[in-house]
Structure formats: C-alpha cells, structure tokens
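Visitor: upload_10.pdb is reproduced below (PDB, C-alpha atoms, pLDDT in the B column).
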ATOM      1  CA  MET A 984      -0.632  20.309  11.120  1.00 56.00           C
ATOM      2  CA  ALA A 985      -3.419  19.272   8.714  1.00 93.00           C
ATOM      3  CA  LYS A 986      -4.036  15.562   8.372  1.00 96.00           C
ATOM      4  CA  LYS A 987      -6.605  13.290   6.785  1.00 98.00           C
ATOM      5  CA  ILE A 988      -7.568   9.859   8.112  1.00 98.00           C
ATOM      6  CA  ILE A 989      -8.725   7.261   5.587  1.00 98.00           C
ATOM      7  CA  TYR A 990     -10.412   4.016   6.594  1.00 98.00           C
ATOM      8  CA  LEU A 991      -9.832   1.794   3.574  1.00 98.00           C
ATOM      9  CA  ILE A 992     -11.790  -1.465   3.393  1.00 98.00           C
ATOM     10  CA  ARG A 993     -12.356  -4.243   0.913  1.00 98.00           C
ATOM     11  CA  HIS A 994     -15.919  -5.252   0.031  1.00 98.00           C
ATOM     12  CA  GLY A 995     -17.638  -8.259   1.627  1.00 98.00           C
ATOM     13  CA  GLU A 996     -17.734 -11.741   0.174  1.00 97.00           C
ATOM     14  CA  THR A 997     -19.605 -12.544  -3.049  1.00 97.00           C
ATOM     15  CA  ALA A 998     -20.486 -15.866  -4.637  1.00 95.00           C
ATOM     16  CA  TYR A 999     -17.532 -15.380  -6.996  1.00 93.00           C
ATOM     17  CA  ASN A1000     -15.166 -14.962  -4.031  1.00 94.00           C
ATOM     18  CA  LYS A1001     -16.567 -18.081  -2.406  1.00 93.00           C
ATOM     19  CA  LYS A1002     -16.011 -20.303  -5.434  1.00 90.00           C
ATOM     20  CA  GLY A1003     -12.580 -18.833  -6.209  1.00 87.00           C
ATOM     21  CA  ALA A1004     -13.566 -17.203  -9.480  1.00 88.00           C
ATOM     22  CA  VAL A1005     -11.797 -14.234 -11.026  1.00 87.00           C
ATOM     23  CA  GLN A1006     -13.929 -11.185 -10.220  1.00 91.00           C
ATOM     24  CA  GLY A1007     -12.863  -7.876 -11.619  1.00 94.00           C
ATOM     25  CA  ARG A1008     -14.359  -4.736 -13.043  1.00 96.00           C
ATOM     26  CA  GLY A1009     -16.465  -6.750 -15.463  1.00 94.00           C
ATOM     27  CA  ILE A1010     -18.408  -8.575 -12.720  1.00 94.00           C
ATOM     28  CA  ASP A1011     -20.992  -6.532 -10.813  1.00 96.00           C
ATOM     29  CA  ALA A1012     -21.930  -9.117  -8.188  1.00 96.00           C
ATOM     30  CA  ASP A1013     -24.025  -8.734  -5.052  1.00 97.00           C
ATOM     31  CA  LEU A1014     -22.719  -9.664  -1.632  1.00 98.00           C
ATOM     32  CA  ASN A1015     -23.680 -13.183  -0.592  1.00 98.00           C
ATOM     33  CA  GLU A1016     -25.070 -13.923   2.878  1.00 97.00           C
ATOM     34  CA  THR A1017     -21.608 -14.113   4.405  1.00 97.00           C
ATOM     35  CA  GLY A1018     -20.657 -10.828   2.765  1.00 98.00           C
ATOM     36  CA  GLN A1019     -23.765  -9.166   4.161  1.00 97.00           C
ATOM     37  CA  GLN A1020     -22.871 -10.419   7.635  1.00 97.00           C
ATOM     38  CA  GLN A1021     -19.330  -9.125   7.236  1.00 98.00           C
ATOM     39  CA  ALA A1022     -20.656  -5.717   6.205  1.00 98.00           C
ATOM     40  CA  ARG A1023     -22.992  -5.608   9.212  1.00 97.00           C
ATOM     41  CA  ALA A1024     -20.147  -6.617  11.512  1.00 98.00           C
ATOM     42  CA  PHE A1025     -17.953  -3.825  10.173  1.00 98.00           C
ATOM     43  CA  TYR A1026     -20.758  -1.318  10.636  1.00 98.00           C
ATOM     44  CA  GLU A1027     -21.450  -2.448  14.189  1.00 97.00           C
ATOM     45  CA  LYS A1028     -17.830  -1.968  15.194  1.00 97.00           C
ATOM     46  CA  TYR A1029     -17.265   1.349  13.421  1.00 98.00           C
ATOM     47  CA  LYS A1030     -20.692   3.019  13.406  1.00 97.00           C
ATOM     48  CA  HIS A1031     -19.483   5.414  16.105  1.00 97.00           C
ATOM     49  CA  VAL A1032     -16.708   6.772  13.855  1.00 98.00           C
ATOM     50  CA  PRO A1033     -17.779  10.235  12.588  1.00 98.00           C
ATOM     51  CA  PHE A1034     -17.004   9.759   8.920  1.00 98.00           C
ATOM     52  CA  GLN A1035     -17.610  12.880   6.852  1.00 98.00           C
ATOM     53  CA  LYS A1036     -17.828  11.065   3.516  1.00 98.00           C
ATOM     54  CA  VAL A1037     -18.032   7.524   2.145  1.00 98.00           C
ATOM     55  CA  TYR A1038     -16.319   6.821  -1.165  1.00 98.00           C
ATOM     56  CA  VAL A1039     -17.127   3.642  -3.094  1.00 98.00           C
ATOM     57  CA  SER A1040     -16.426   2.199  -6.528  1.00 98.00           C
ATOM     58  CA  SER A1041     -19.086   2.032  -9.223  1.00 98.00           C
ATOM     59  CA  LEU A1042     -19.680  -1.669  -8.435  1.00 98.00           C
ATOM     60  CA  LYS A1043     -22.574  -2.558  -6.145  1.00 98.00           C
ATOM     61  CA  ARG A1044     -20.603  -4.874  -3.853  1.00 98.00           C
ATOM     62  CA  THR A1045     -18.870  -1.783  -2.458  1.00 98.00           C
ATOM     63  CA  HIS A1046     -22.155   0.104  -2.088  1.00 98.00           C
ATOM     64  CA  GLN A1047     -23.677  -2.861  -0.227  1.00 98.00           C
ATOM     65  CA  THR A1048     -20.646  -3.157   2.070  1.00 98.00           C
ATOM     66  CA  SER A1049     -21.027   0.509   3.067  1.00 98.00           C
ATOM     67  CA  GLN A1050     -24.822   0.424   3.213  1.00 98.00           C
ATOM     68  CA  GLY A1051     -25.062   0.859   6.975  1.00 98.00           C
ATOM     69  CA  PHE A1052     -23.122   4.125   6.865  1.00 98.00           C
ATOM     70  CA  ILE A1053     -25.031   5.355   3.822  1.00 98.00           C
ATOM     71  CA  GLU A1054     -28.370   4.614   5.494  1.00 98.00           C
ATOM     72  CA  ALA A1055     -27.140   6.472   8.578  1.00 98.00           C
ATOM     73  CA  GLY A1056     -27.029   9.596   6.433  1.00 98.00           C
ATOM     74  CA  ILE A1057     -23.326   9.950   5.711  1.00 98.00           C
ATOM     75  CA  PRO A1058     -22.786  11.602   2.294  1.00 98.00           C
ATOM     76  CA  TRP A1059     -21.355   9.197  -0.277  1.00 98.00           C
ATOM     77  CA  GLU A1060     -19.866   9.216  -3.751  1.00 98.00           C
ATOM     78  CA  PRO A1061     -19.233   6.445  -6.297  1.00 98.00           C
ATOM     79  CA  HIS A1062     -16.111   6.667  -8.464  1.00 98.00           C
ATOM     80  CA  GLU A1063     -15.240   4.408 -11.380  1.00 98.00           C
ATOM     81  CA  GLY A1064     -11.593   5.127 -10.624  1.00 98.00           C
ATOM     82  CA  LEU A1065     -11.934   2.953  -7.508  1.00 98.00           C
ATOM     83  CA  ASP A1066     -13.220  -0.053  -9.483  1.00 98.00           C
ATOM     84  CA  GLU A1067     -11.459  -3.405  -9.377  1.00 98.00           C
ATOM     85  CA  ILE A1068      -8.913  -4.188 -12.081  1.00 97.00           C
ATOM     86  CA  SER A1069     -10.391  -5.637 -15.263  1.00 97.00           C
ATOM     87  CA  TRP A1070      -9.230  -9.213 -15.782  1.00 93.00           C
ATOM     88  CA  GLY A1071     -10.444  -9.270 -19.370  1.00 91.00           C
ATOM     89  CA  LYS A1072     -11.227 -12.726 -20.717  1.00 85.00           C
ATOM     90  CA  LEU A1073     -10.685 -14.337 -17.297  1.00 85.00           C
ATOM     91  CA  GLU A1074     -13.655 -12.552 -15.717  1.00 88.00           C
ATOM     92  CA  GLY A1075     -16.066 -14.873 -13.940  1.00 85.00           C
ATOM     93  CA  LEU A1076     -14.023 -18.039 -14.448  1.00 84.00           C
ATOM     94  CA  THR A1077     -12.263 -20.126 -11.821  1.00 83.00           C
ATOM     95  CA  LEU A1078      -8.562 -20.792 -12.238  1.00 71.00           C
ATOM     96  CA  GLU A1079      -9.392 -24.350 -13.241  1.00 74.00           C
ATOM     97  CA  GLU A1080     -11.754 -23.107 -15.942  1.00 68.00           C
ATOM     98  CA  ASN A1081      -9.503 -20.434 -17.429  1.00 63.00           C
ATOM     99  CA  GLY A1082      -6.168 -22.116 -17.148  1.00 60.00           C
ATOM    100  CA  TYR A1083      -4.056 -21.575 -14.065  1.00 70.00           C
ATOM    101  CA  GLU A1084      -0.892 -21.096 -16.081  1.00 79.00           C
ATOM    102  CA  LEU A1085      -2.208 -17.984 -17.845  1.00 83.00           C
ATOM    103  CA  PHE A1086      -3.026 -16.299 -14.531  1.00 83.00           C
ATOM    104  CA  LYS A1087       0.217 -17.475 -12.914  1.00 86.00           C
ATOM    105  CA  THR A1088       2.287 -16.164 -15.810  1.00 91.00           C
ATOM    106  CA  LEU A1089       0.658 -12.736 -15.589  1.00 92.00           C
ATOM    107  CA  LEU A1090       1.304 -12.456 -11.838  1.00 93.00           C
ATOM    108  CA  GLU A1091       4.920 -13.490 -12.366  1.00 95.00           C
ATOM    109  CA  LYS A1092       5.362 -10.766 -14.984  1.00 97.00           C
ATOM    110  CA  TRP A1093       3.997  -8.198 -12.543  1.00 97.00           C
ATOM    111  CA  GLN A1094       6.344  -9.419  -9.805  1.00 97.00           C
ATOM    112  CA  GLU A1095       9.235  -9.033 -12.243  1.00 97.00           C
ATOM    113  CA  GLY A1096       8.287  -5.403 -12.788  1.00 97.00           C
ATOM    114  CA  GLU A1097       6.310  -5.761 -16.015  1.00 98.00           C
ATOM    115  CA  THR A1098       3.316  -3.950 -14.527  1.00 98.00           C
ATOM    116  CA  HIS A1099       2.324  -2.597 -17.946  1.00 98.00           C
ATOM    117  CA  GLU A1100       1.201  -6.105 -18.915  1.00 96.00           C
ATOM    118  CA  ALA A1101      -2.519  -6.938 -19.129  1.00 95.00           C
ATOM    119  CA  LEU A1102      -4.675  -9.813 -20.298  1.00 90.00           C
ATOM    120  CA  ASP A1103      -6.715  -9.574 -23.500  1.00 89.00           C
ATOM    121  CA  GLY A1104      -9.498  -7.097 -22.821  1.00 91.00           C
ATOM    122  CA  GLY A1105      -8.148  -6.336 -19.352  1.00 95.00           C
ATOM    123  CA  GLU A1106      -6.175  -3.635 -17.539  1.00 97.00           C
ATOM    124  CA  SER A1107      -2.611  -3.438 -16.347  1.00 98.00           C
ATOM    125  CA  PRO A1108      -1.712  -2.361 -12.794  1.00 98.00           C
ATOM    126  CA  GLU A1109      -0.278   0.846 -14.235  1.00 98.00           C
ATOM    127  CA  GLN A1110      -3.588   1.682 -15.919  1.00 98.00           C
ATOM    128  CA  VAL A1111      -5.469   1.005 -12.693  1.00 98.00           C
ATOM    129  CA  ALA A1112      -3.049   3.147 -10.671  1.00 98.00           C
ATOM    130  CA  HIS A1113      -3.527   6.029 -13.101  1.00 98.00           C
ATOM    131  CA  ARG A1114      -7.311   6.120 -12.713  1.00 98.00           C
ATOM    132  CA  GLN A1115      -7.043   5.599  -8.956  1.00 98.00           C
ATOM    133  CA  MET A1116      -4.713   8.534  -8.429  1.00 98.00           C
ATOM    134  CA  GLN A1117      -7.126  10.859 -10.196  1.00 97.00           C
ATOM    135  CA  VAL A1118      -9.674  10.017  -7.491  1.00 98.00           C
ATOM    136  CA  ILE A1119      -7.103  10.281  -4.697  1.00 98.00           C
ATOM    137  CA  GLU A1120      -6.061  13.741  -5.881  1.00 98.00           C
ATOM    138  CA  GLN A1121      -9.697  14.815  -5.685  1.00 98.00           C
ATOM    139  CA  ILE A1122     -10.077  13.305  -2.219  1.00 98.00           C
ATOM    140  CA  LEU A1123      -6.914  14.989  -0.939  1.00 98.00           C
ATOM    141  CA  SER A1124      -8.038  18.337  -2.349  1.00 97.00           C
ATOM    142  CA  ARG A1125     -11.007  18.226   0.035  1.00 97.00           C
ATOM    143  CA  LYS A1126      -9.143  19.137   3.186  1.00 96.00           C
ATOM    144  CA  GLU A1127     -12.383  19.755   5.048  1.00 96.00           C
ATOM    145  CA  GLU A1128     -13.041  15.984   4.939  1.00 97.00           C
ATOM    146  CA  GLU A1129     -10.677  14.960   7.712  1.00 97.00           C
ATOM    147  CA  LEU A1130     -12.086  11.465   8.267  1.00 98.00           C
ATOM    148  CA  ILE A1131     -13.418   9.331   5.423  1.00 98.00           C
ATOM    149  CA  LEU A1132     -14.291   5.739   4.533  1.00 98.00           C
ATOM    150  CA  VAL A1133     -13.195   4.283   1.183  1.00 98.00           C
ATOM    151  CA  THR A1134     -14.657   0.915   0.129  1.00 98.00           C
ATOM    152  CA  MET A1135     -13.063  -0.868  -2.802  1.00 98.00           C
ATOM    153  CA  HIS A1136     -11.559  -4.147  -4.056  1.00 98.00           C
ATOM    154  CA  GLY A1137      -8.728  -6.584  -3.351  1.00 96.00           C
ATOM    155  CA  ARG A1138      -6.308  -6.225  -6.262  1.00 97.00           C
ATOM    156  CA  ALA A1139      -7.194  -2.566  -6.591  1.00 98.00           C
ATOM    157  CA  MET A1140      -6.331  -2.055  -2.899  1.00 98.00           C
ATOM    158  CA  ARG A1141      -2.939  -3.654  -3.419  1.00 98.00           C
ATOM    159  CA  ILE A1142      -2.239  -1.345  -6.330  1.00 98.00           C
ATOM    160  CA  LEU A1143      -3.459   1.731  -4.461  1.00 98.00           C
ATOM    161  CA  LEU A1144      -1.514   0.978  -1.281  1.00 98.00           C
ATOM    162  CA  SER A1145       1.646   0.494  -3.325  1.00 98.00           C
ATOM    163  CA  ARG A1146       1.196   3.893  -4.915  1.00 98.00           C
ATOM    164  CA  LEU A1147       0.261   5.725  -1.728  1.00 98.00           C
ATOM    165  CA  LEU A1148       3.131   4.235   0.270  1.00 98.00           C
ATOM    166  CA  ASP A1149       5.748   4.618  -2.481  1.00 97.00           C
ATOM    167  CA  PHE A1150       6.332   0.942  -3.167  1.00 98.00           C
ATOM    168  CA  PRO A1151       6.892  -0.229  -6.740  1.00 98.00           C
ATOM    169  CA  LEU A1152       3.852  -1.934  -8.203  1.00 98.00           C
ATOM    170  CA  ARG A1153       5.805  -5.179  -8.527  1.00 97.00           C
ATOM    171  CA  ASP A1154       5.662  -5.388  -4.700  1.00 97.00           C
ATOM    172  CA  MET A1155       1.869  -5.024  -4.467  1.00 98.00           C
ATOM    173  CA  ASP A1156       1.356  -8.559  -3.155  1.00 96.00           C
ATOM    174  CA  ARG A1157       2.996  -7.530   0.114  1.00 96.00           C
ATOM    175  CA  PHE A1158      -0.374  -6.028   1.087  1.00 97.00           C
ATOM    176  CA  GLU A1159      -2.576  -8.818   2.431  1.00 95.00           C
ATOM    177  CA  HIS A1160      -6.329  -8.477   2.238  1.00 94.00           C
ATOM    178  CA  SER A1161      -9.443 -10.355   3.322  1.00 95.00           C
ATOM    179  CA  ASN A1162     -13.084  -9.520   2.689  1.00 97.00           C
ATOM    180  CA  THR A1163     -13.983  -6.370   4.687  1.00 98.00           C
ATOM    181  CA  CYS A1164     -10.407  -6.059   5.956  1.00 98.00           C
ATOM    182  CA  LEU A1165      -9.485  -2.607   7.206  1.00 98.00           C
ATOM    183  CA  TYR A1166      -6.431  -0.465   6.567  1.00 98.00           C
ATOM    184  CA  ILE A1167      -6.223   2.876   8.345  1.00 98.00           C
ATOM    185  CA  LEU A1168      -4.077   5.482   6.615  1.00 98.00           C
ATOM    186  CA  GLU A1169      -3.054   8.921   7.800  1.00 98.00           C
ATOM    187  CA  TYR A1170      -2.086  11.586   5.279  1.00 98.00           C
ATOM    188  CA  ASP A1171       0.081  14.473   6.442  1.00 97.00           C
ATOM    189  CA  TYR A1172      -0.479  17.490   4.190  1.00 96.00           C
ATOM    190  CA  HIS A1173       2.713  19.208   5.342  1.00 95.00           C
ATOM    191  CA  ARG A1174       4.927  16.217   4.567  1.00 95.00           C
ATOM    192  CA  GLN A1175       2.703  15.061   1.686  1.00 95.00           C
ATOM    193  CA  GLN A1176       3.063  11.516   2.957  1.00 97.00           C
ATOM    194  CA  PHE A1177       0.859   8.583   3.936  1.00 98.00           C
ATOM    195  CA  GLU A1178       1.428   6.420   7.005  1.00 97.00           C
ATOM    196  CA  VAL A1179      -0.259   3.092   7.795  1.00 98.00           C
ATOM    197  CA  LYS A1180      -1.852   2.989  11.233  1.00 98.00           C
ATOM    198  CA  LEU A1181      -3.605  -0.403  10.890  1.00 98.00           C
ATOM    199  CA  SER A1182      -3.212  -3.215   8.346  1.00 97.00           C
ATOM    200  CA  ASN A1183      -5.592  -5.935   7.118  1.00 97.00           C
ATOM    201  CA  ASP A1184      -7.622  -5.875  10.329  1.00 97.00           C
ATOM    202  CA  THR A1185     -10.671  -8.170  10.536  1.00 97.00           C
ATOM    203  CA  SER A1186     -11.318  -8.007  14.283  1.00 96.00           C
ATOM    204  CA  HIS A1187     -14.914  -6.932  13.576  1.00 97.00           C
ATOM    205  CA  ILE A1188     -15.611 -10.358  12.064  1.00 96.00           C
ATOM    206  CA  ARG A1189     -14.446 -12.151  15.211  1.00 93.00           C
ATOM    207  CA  GLU A1190     -16.335  -9.774  17.472  1.00 94.00           C
ATOM    208  CA  TYR A1191     -19.666  -9.429  15.662  1.00 92.00           C
ATOM    209  CA  MET A1192     -20.097 -12.606  13.587  1.00 86.00           C
ATOM    210  CA  ASN A1193     -21.144 -15.864  15.257  1.00 67.00           C
TER     211      ASN A1193
END
Is it possible to express this structure as structure tokens?
Guide:
Amino acid sequence: MAKKIIYLIRHGETAYNKKGAVQGRGIDADLNETGQQQARAFYEKYKHVPFQKVYVSSLKRTHQTSQGFIEAGIPWEPHEGLDEISWGKLEGLTLEENGYELFKTLLEKWQEGETHEALDGGESPEQVAHRQMQVIEQILSRKEEELILVTMHGRAMRILLSRLLDFPLRDMDRFEHSNTCLYILEYDYHRQQFEVKLSNDTSHIREYMN
C-alpha cells in the first residue's frame, strides 16, 4: 500500500517573532540567533532521516531553517504557495502598534466560520488554502518521493493542517505550533487520507540547545 511521509515544520525564530510583531507574507525576515540555534538543533536530531526532497516557501526564513539538509545535498524546491498568510496593513507591527481590537475581531470572525474575511491588503484563510492545495497536489503526484520535509509558517500550517485533516478552517487554532515544531503526517494513497503521527514536537530543542 503506497504511502508518503511528510515531516512538516515551522521556521525558526525571527526578530519579529521575538518582539511579538505580525509577520506574514510581506515580511521576508532572517532567522535571529535563537532561530539559527533551533534550526541546527532540528538538523542534528533529524539529519539521519533520508529525506528525498525538501520543500520550502519563497521566504528566506524557511530556507535558513532547512539549510542543514540543503547543504547536505538533499534536492529542494521553493513554492510561493507555502508562504505565510498576508496580514496586509498589519505586517511588521506589534499588536500594541496596530490595534489589538482589529486583530482580535478578525480572529473571532474566522472562528465563527467567516474564513473568507481578510484585512485590507491581506489574504483570507480560504485564499491561502487554495494556493496551498495546488502545491500539495503537486507533492502528492510525486509518488516516488516517499519521505519529504516541508518547512513553512505558523498560521499557514494551521490552515494547511485543517485542510489536510478535513477540519473546517474555523477550527484551525486547534493546531498548536512553536518555532521549528514538527508534525509528522502519513498519506495513504489507497484511502486518500492523511493521518497525524506526531504533533507540535519540539524535543530537538530540549535535546540539542543549551
């Protein structure tokens, strides 16, 4: 029975993460020192895994998080479809700077099922899910890649996991995530179904970061 294993991780910490700023598709930030350490820790724990391909978003924080595997010679591909959601006019601002109520109201709308809603200049969860699934369809079509690593972003991961596991987008916040957290997914081609094998795991940080 043909299956595909996907290691799905969030990028390491950036300066925007550290200060609690909104960081979406419009911010192409580097990893900070902590993020670099997190990326190294993930590589140290999982460098033995024989990944056949590394998929990343078009934003450099995902490239930098996967750098160890890329430098080890594993083929890799960037896809804009894996980018973080665009937060529009909130990009780069802390909640105190942009008005907490605006952000809170948007999240409440999403939780009420209004996942078509977006901020000015931003994307809705439904728009993000649409571009993500185009990439996922391409990934699933490559049956010869039985074990892959996908590095992406926090909100985008929540949206993607909701879609892959058949949850409504309004429930996306059920999927917890930390910087460089790991989800392991198994896709069964016969059943055309994903199953979660590991959720929001950060054991590499405890084991390889002092």
Visitor: Give as a VMD selection string the residues that the PyMOL selection byres ((chain A and resi 992-1005) around 6) matches when applied to the coordinates above.
Guide: chain A and resid 991 1006 1014 to 1015 1018 1021 1045 1048 1074 to 1077 1134 to 1136 1162 to 1165
Visitor: Could you list, as a list in words, every residue within 9 Å of Leu1102 (chain A), counting all atoms listed in the file and ignoring same-chain residues fewer than 4 positions away?
Guide: Ser1069, Trp1070, Gly1071, Lys1072, Leu1073, Leu1085, Phe1086, Leu1089, Glu1106 and Ser1107 of chain A
Visitor: List the residues selected by the PyMOL selection byres ((chain A and resi 1064) around 10) in the file shown, writing them as a CSV table (one decimal) with C-alpha atoms, in the coordinates of the input.
Guide:
chain,number,residue,atom,x,y,z
A,1039,VAL,CA,-17.1,3.6,-3.1
A,1040,SER,CA,-16.4,2.2,-6.5
A,1041,SER,CA,-19.1,2.0,-9.2
A,1061,PRO,CA,-19.2,6.4,-6.3
A,1062,HIS,CA,-16.1,6.7,-8.5
A,1063,GLU,CA,-15.2,4.4,-11.4
A,1065,LEU,CA,-11.9,3.0,-7.5
A,1066,ASP,CA,-13.2,-0.1,-9.5
A,1067,GLU,CA,-11.5,-3.4,-9.4
A,1068,ILE,CA,-8.9,-4.2,-12.1
A,1111,VAL,CA,-5.5,1.0,-12.7
A,1112,ALA,CA,-3.0,3.1,-10.7
A,1113,HIS,CA,-3.5,6.0,-13.1
A,1114,ARG,CA,-7.3,6.1,-12.7
A,1115,GLN,CA,-7.0,5.6,-9.0
A,1116,MET,CA,-4.7,8.5,-8.4
A,1117,GLN,CA,-7.1,10.9,-10.2
A,1118,VAL,CA,-9.7,10.0,-7.5
A,1119,ILE,CA,-7.1,10.3,-4.7
A,1135,MET,CA,-13.1,-0.9,-2.8
A,1139,ALA,CA,-7.2,-2.6,-6.6
Visitor: Out of A:Gln1050, A:Thr1098, A:Gln1035, A:Thr1017, which residue has the shortest atom-to-atom distance to Pro1151 (chain A) when counting all atoms listed in the file?
Guide: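 Closest candidate: A:Thr1098.
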Visitor: Please, what distance in Å, to one decimal, runs between CA of Ala1022 (chain A) and CA of Arg1125 (chain A)?
Guide: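 It comes out at 26.5 Å.
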Visitor: Just the number, please: distance in Å from CA of Gln1175 (chain A) to CA of Arg1146 (chain A), one decimal.
Guide: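 One can read the CA of Gln1175 (chain A) to CA of Arg1146 (chain A) distance as 13.1 Å.
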Visitor: Rebuild region 1131-1144 of chain A to N, CA and C atoms - output it as an mmCIF file, keeping the file's coordinate frame, please.
Guide:
data_model
loop_
_atom_site.group_PDB
_atom_site.id
_atom_site.type_symbol
_atom_site.label_atom_id
_atom_site.label_comp_id
_atom_site.auth_asym_id
_atom_site.auth_seq_id
_atom_site.Cartn_x
_atom_site.Cartn_y
_atom_site.Cartn_z
ATOM 1 N N ILE A 1131 -12.572 9.905 6.466
ATOM 2 C CA ILE A 1131 -13.418 9.331 5.423
ATOM 3 C C ILE A 1131 -13.284 7.811 5.392
ATOM 4 N N LEU A 1132 -14.281 7.178 4.761
ATOM 5 C CA LEU A 1132 -14.291 5.739 4.533
ATOM 6 C C LEU A 1132 -14.242 5.501 3.034
ATOM 7 N N VAL A 1133 -13.312 4.645 2.590
ATOM 8 C CA VAL A 1133 -13.195 4.283 1.183
ATOM 9 C C VAL A 1133 -13.377 2.771 1.081
ATOM 10 N N THR A 1134 -14.368 2.335 0.293
ATOM 11 C CA THR A 1134 -14.657 0.915 0.129
ATOM 12 C C THR A 1134 -14.347 0.509 -1.301
ATOM 13 N N MET A 1135 -13.448 -0.480 -1.451
ATOM 14 C CA MET A 1135 -13.063 -0.868 -2.802
ATOM 15 C C MET A 1135 -12.782 -2.363 -2.904
ATOM 16 N N HIS A 1136 -11.738 -2.763 -3.626
ATOM 17 C CA HIS A 1136 -11.559 -4.147 -4.056
ATOM 18 C C HIS A 1136 -10.139 -4.639 -3.779
ATOM 19 N N GLY A 1137 -9.983 -5.972 -3.767
ATOM 20 C CA GLY A 1137 -8.728 -6.584 -3.351
ATOM 21 C C GLY A 1137 -7.499 -6.205 -4.158
ATOM 22 N N ARG A 1138 -7.473 -6.562 -5.444
ATOM 23 C CA ARG A 1138 -6.308 -6.225 -6.262
ATOM 24 C C ARG A 1138 -6.143 -4.722 -6.379
ATOM 25 N N ALA A 1139 -7.254 -4.019 -6.503
ATOM 26 C CA ALA A 1139 -7.194 -2.566 -6.591
ATOM 27 C C ALA A 1139 -6.604 -1.954 -5.324
ATOM 28 N N MET A 1140 -6.915 -2.538 -4.156
ATOM 29 C CA MET A 1140 -6.331 -2.055 -2.899
ATOM 30 C C MET A 1140 -4.829 -2.240 -2.891
ATOM 31 N N ARG A 1141 -4.378 -3.403 -3.375
ATOM 32 C CA ARG A 1141 -2.939 -3.654 -3.419
ATOM 33 C C ARG A 1141 -2.218 -2.629 -4.299
ATOM 34 N N ILE A 1142 -2.823 -2.333 -5.424
ATOM 35 C CA ILE A 1142 -2.239 -1.345 -6.330
ATOM 36 C C ILE A 1142 -2.227 0.029 -5.674
ATOM 37 N N LEU A 1143 -3.353 0.413 -5.079
ATOM 38 C CA LEU A 1143 -3.459 1.731 -4.461
ATOM 39 C C LEU A 1143 -2.487 1.880 -3.290
ATOM 40 N N LEU A 1144 -2.419 0.891 -2.424
ATOM 41 C CA LEU A 1144 -1.514 0.978 -1.281
ATOM 42 C C LEU A 1144 -0.062 1.084 -1.730
#
